[in-house]
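Structure record follows, encoded as structure tokens.
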Amino acid sequence: MTAIMINFQVDLYISMKQPETEKIRQLLILAEAVVRGENGKPYYDRFFEAVHLVTPEEVVFIVDELYRKQYPIDQLKTGINKFLNFFFRTLDSYPLIKPAPGTFLHLMMLDNQRMEAILDALRPYIKQLNNKPAAEKPAHSRAIELLEQLRSFNNHYLIKENILFPALEQAWPDYRCVQVMWSFHDDIRQNLKTVLELLKTDQFDTEILNPLFGKVFFDMLAIKFREDRILFPVIHKTFSLQQLQEMLEESIDIKFPFIKQQEMSELINNSKNRKSQLKTLLLKIHEGVDPEQVKAELIDVLQEVSYGEVVEVEQELIEEGMPAEEIQKFCDIHSLVLEGSIDLSGVKIVPPGHPVDTFRRENAMLKETTGRARNLLNQLAEPGEKEQELILHLLAEFNSLMDVDKHYQRKEYLLFPFLEKKGITGPPKVMWGKHDEIRERIKDAIEILRTPGLSAAELLGKRPLLFDPALNSIDDMVIKEEEILFPMSLDNLSETEWFDIYKQTLSIGFCLYDPVDEWKPTGIEISEQKNSTLNDSSIQLPSGSFSTEEIMAILNTLPVDMTFVDQNDKVKYFSRGSHRIFTRSRSIINRDVRLCHPPGSVHIVEKILEDFKTGKADRAPFWIQMNNRFIYIEYYALRNEAGEYLGTLEVSQDLTEQRKLEGEQRILSYE
């Protein structure tokens, strides 16, 4: 484990230590009751919902908590076997991870499958051994042969104990739950040894053998289930591909029990050969070969490729001297060729609110918006009287698409730096270049759509060269993210790193979507951080002071809606009172205020901003009737003591009831 211990990155640390939650508390009550020897069924019925939402990470946490309570190890193991029966259906319903062929977890899972096949093959011979004297000798000898094969499975356990467990203890320094699994390994070793010793004697007693066979079958299959459904999913989430590769290299010395050296070499070399073939096919595109021909050849030769292989090939091309600009130039063609051929079966699942979940939901909104824009372009191709109205609607859709800038900025300034720290530099560089292309295309489209007197014929004349490429490039980037960037990033970033991204996301803003779920990553005390942010920060003003929590309550209690736009015309804040007049979502944060208004009124917004900046005006009041309510809206220029422009404050209030007031109501009349 030396290489792993030296190279294990601190920032990949996942402590697995979970904040005390009601769900965890309930699961612990059930588990500990079973370990103490109580009937678990009443607890199962009482905590039914928690049991049916249990996750692999929570099982690890629960086992460790019980281990800390220092129950006798045999009592603990018996209890674990029983309470995991309550969790079985939930854990079994999670999709199995699907590691790439030839990787560490793939070989561990392949070994498990072959071990189970040997157990299945052993069953009929055990039955024959119990039917004395018929077919006793052939069954006897075949049973011994199969049991010897099972004993070689000890190598699987040695790989866990000498390579995987030390890495886990490094990753989870507060956890010792792997010791429990190690004890199960020892039971399996001892029971296999005893069974073989008994079978190799001239006389054996099936009444002694059968319970031992039962223990061997139960323990080996139970450990396989716990690896496939609990341990391996957590490992897949904890370690980077590079770290798992290091584990694989160290495992070669111990040897996987049921995978021959030649087969393992073929599995490992197969991945290298596939990357070599993929690289050759992509280079053909750069040499001018028809992309459709290359796509057909890729399907014929490789069927499908993993997202990891695509990333590694593009990285290798850059390292071999191909300019990133060259790959960027052919990036869309690469996507066309690879579309539908990338294997996503092993992609990690993320919970609601996770940064990748937010990116994906924004992508769904972007695709809806590009779809509406295409429909409007198609409608403009049909003669009609609503030409100018359709052009205004199209401008509104492209204004919305400009929001993609925040989506891309979060990738560029929050996600890409973590990838670059891990040596993944090529794909981010190429993707950033594509972002800039998309931004320019959207800006150019908006500029044309704002042209006074623009006709449908003039607009459609630019569709093939500008509007279609702009919309297509946004959709293509969605595919690149969903099929390559996000799966690769999930494989390489730790929960701690994702949480760093999560905390900084709002400073850049969301794109067309405002997350409704708060993400609570494993191992990080969200509530403590949140409270310190609200309570510890003090804002000192000339006339007094208050905490962040207090000022937030004040702003959200005032009977007005407020929105602040900074001196660069970016929306920076809006109040979140319980009765807002105009709907606001956090997706507008850092959006140009012009893009927050209907295209038909943008020129008025620009005039107000210009007058505020030049000092020509300090306020701009308006009032409207909306749903039989009288709404008063006023814009205020904000200036510092030197008179310098700081931004604009929009204040809206519903004055319907106030306009009905007559006479007076003094404070003494309060009851």
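Chain identifiers are assigned as A, B, and so on, following the order in which chains appear in the structure tokens; residues are numbered from 1 within each chain, and ligands are numbered from 1 in order of appearance.
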Worksheet entry | Selection: 7 Å around range 241-251 of chain A, only C-alpha atoms, excl. self and same-chain fewer than 3 positions, as an MDAnalysis selection string | chainID A and resid 4 103:104 159 163 254:255 491:492
Within 8 Å of range 383-390 of chain A using only C-alpha atoms, minus same-chain residues under 4 positions, as a PDB file with all heavy atoms, in the first residue's frame:
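Saved to selection13.pdb:
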ATOM      1  N   LEU A 376     -39.952  29.025 -33.034  1.00  0.00           N
ATOM      2  CA  LEU A 376     -40.205  30.403 -33.480  1.00  0.00           C
ATOM      3  C   LEU A 376     -39.564  30.664 -34.837  1.00  0.00           C
ATOM      4  O   LEU A 376     -40.159  31.330 -35.701  1.00  0.00           O
ATOM      5  CB  LEU A 376     -39.681  31.391 -32.438  1.00  0.00           C
ATOM      6  CG  LEU A 376     -40.489  31.480 -31.130  1.00  0.00           C
ATOM      7  CD1 LEU A 376     -39.705  32.220 -30.056  1.00  0.00           C
ATOM      8  CD2 LEU A 376     -41.836  32.174 -31.380  1.00  0.00           C
ATOM      9  N   GLN A 379     -41.751  29.149 -37.375  1.00  0.00           N
ATOM     10  CA  GLN A 379     -42.968  29.946 -37.590  1.00  0.00           C
ATOM     11  C   GLN A 379     -42.673  31.175 -38.441  1.00  0.00           C
ATOM     12  O   GLN A 379     -43.506  31.595 -39.258  1.00  0.00           O
ATOM     13  CB  GLN A 379     -43.556  30.370 -36.248  1.00  0.00           C
ATOM     14  CG  GLN A 379     -44.165  29.235 -35.442  1.00  0.00           C
ATOM     15  CD  GLN A 379     -44.690  29.714 -34.100  1.00  0.00           C
ATOM     16  OE1 GLN A 379     -45.468  30.680 -34.029  1.00  0.00           O
ATOM     17  NE2 GLN A 379     -44.263  29.063 -33.029  1.00  0.00           N
ATOM     18  N   LEU A 394     -38.660  35.694 -30.078  1.00  0.00           N
ATOM     19  CA  LEU A 394     -37.377  35.035 -30.336  1.00  0.00           C
ATOM     20  C   LEU A 394     -36.252  35.748 -29.594  1.00  0.00           C
ATOM     21  O   LEU A 394     -35.351  35.108 -29.028  1.00  0.00           O
ATOM     22  CB  LEU A 394     -37.092  35.009 -31.848  1.00  0.00           C
ATOM     23  CG  LEU A 394     -35.831  34.242 -32.279  1.00  0.00           C
ATOM     24  CD1 LEU A 394     -35.912  32.777 -31.865  1.00  0.00           C
ATOM     25  CD2 LEU A 394     -35.628  34.360 -33.794  1.00  0.00           C
ATOM     26  N   SER A 455     -36.720  42.368 -40.665  1.00  0.00           N
ATOM     27  CA  SER A 455     -37.783  41.571 -41.288  1.00  0.00           C
ATOM     28  C   SER A 455     -37.505  40.090 -41.103  1.00  0.00           C
ATOM     29  O   SER A 455     -36.365  39.677 -40.859  1.00  0.00           O
ATOM     30  CB  SER A 455     -37.882  41.880 -42.782  1.00  0.00           C
ATOM     31  OG  SER A 455     -36.733  41.383 -43.462  1.00  0.00           O
ATOM     32  N   ALA A 456     -38.540  39.293 -41.262  1.00  0.00           N
ATOM     33  CA  ALA A 456     -38.383  37.841 -41.146  1.00  0.00           C
ATOM     34  C   ALA A 456     -37.440  37.320 -42.221  1.00  0.00           C
ATOM     35  O   ALA A 456     -36.623  36.422 -41.966  1.00  0.00           O
ATOM     36  CB  ALA A 456     -39.744  37.157 -41.256  1.00  0.00           C
TER      37      ALA A 456
END
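Among the candidates A:Val34, A:Ile235, A:Val216, A:Ala222, the residue lying nearest to Arg123 in chain A is A:Val216 (atoms considered: only C-alpha atoms).
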Practice prompt. If you run DSSP over the backbone, which residues in range 87-293 of chain A end up helix (DSSP H, G or I)? Put them as number ranges by chain.
Written response: A: 87-93, 104-129, 136-151, 154-171, 178-199, 206-238, 241-254, 261-286, 291-293
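If you measure from each of A:Tyr513, A:Phe486, A:Phe467, A:Phe612 to Lys406 in chain A using only C-alpha atoms, the closest one turns out to be A:Tyr513.
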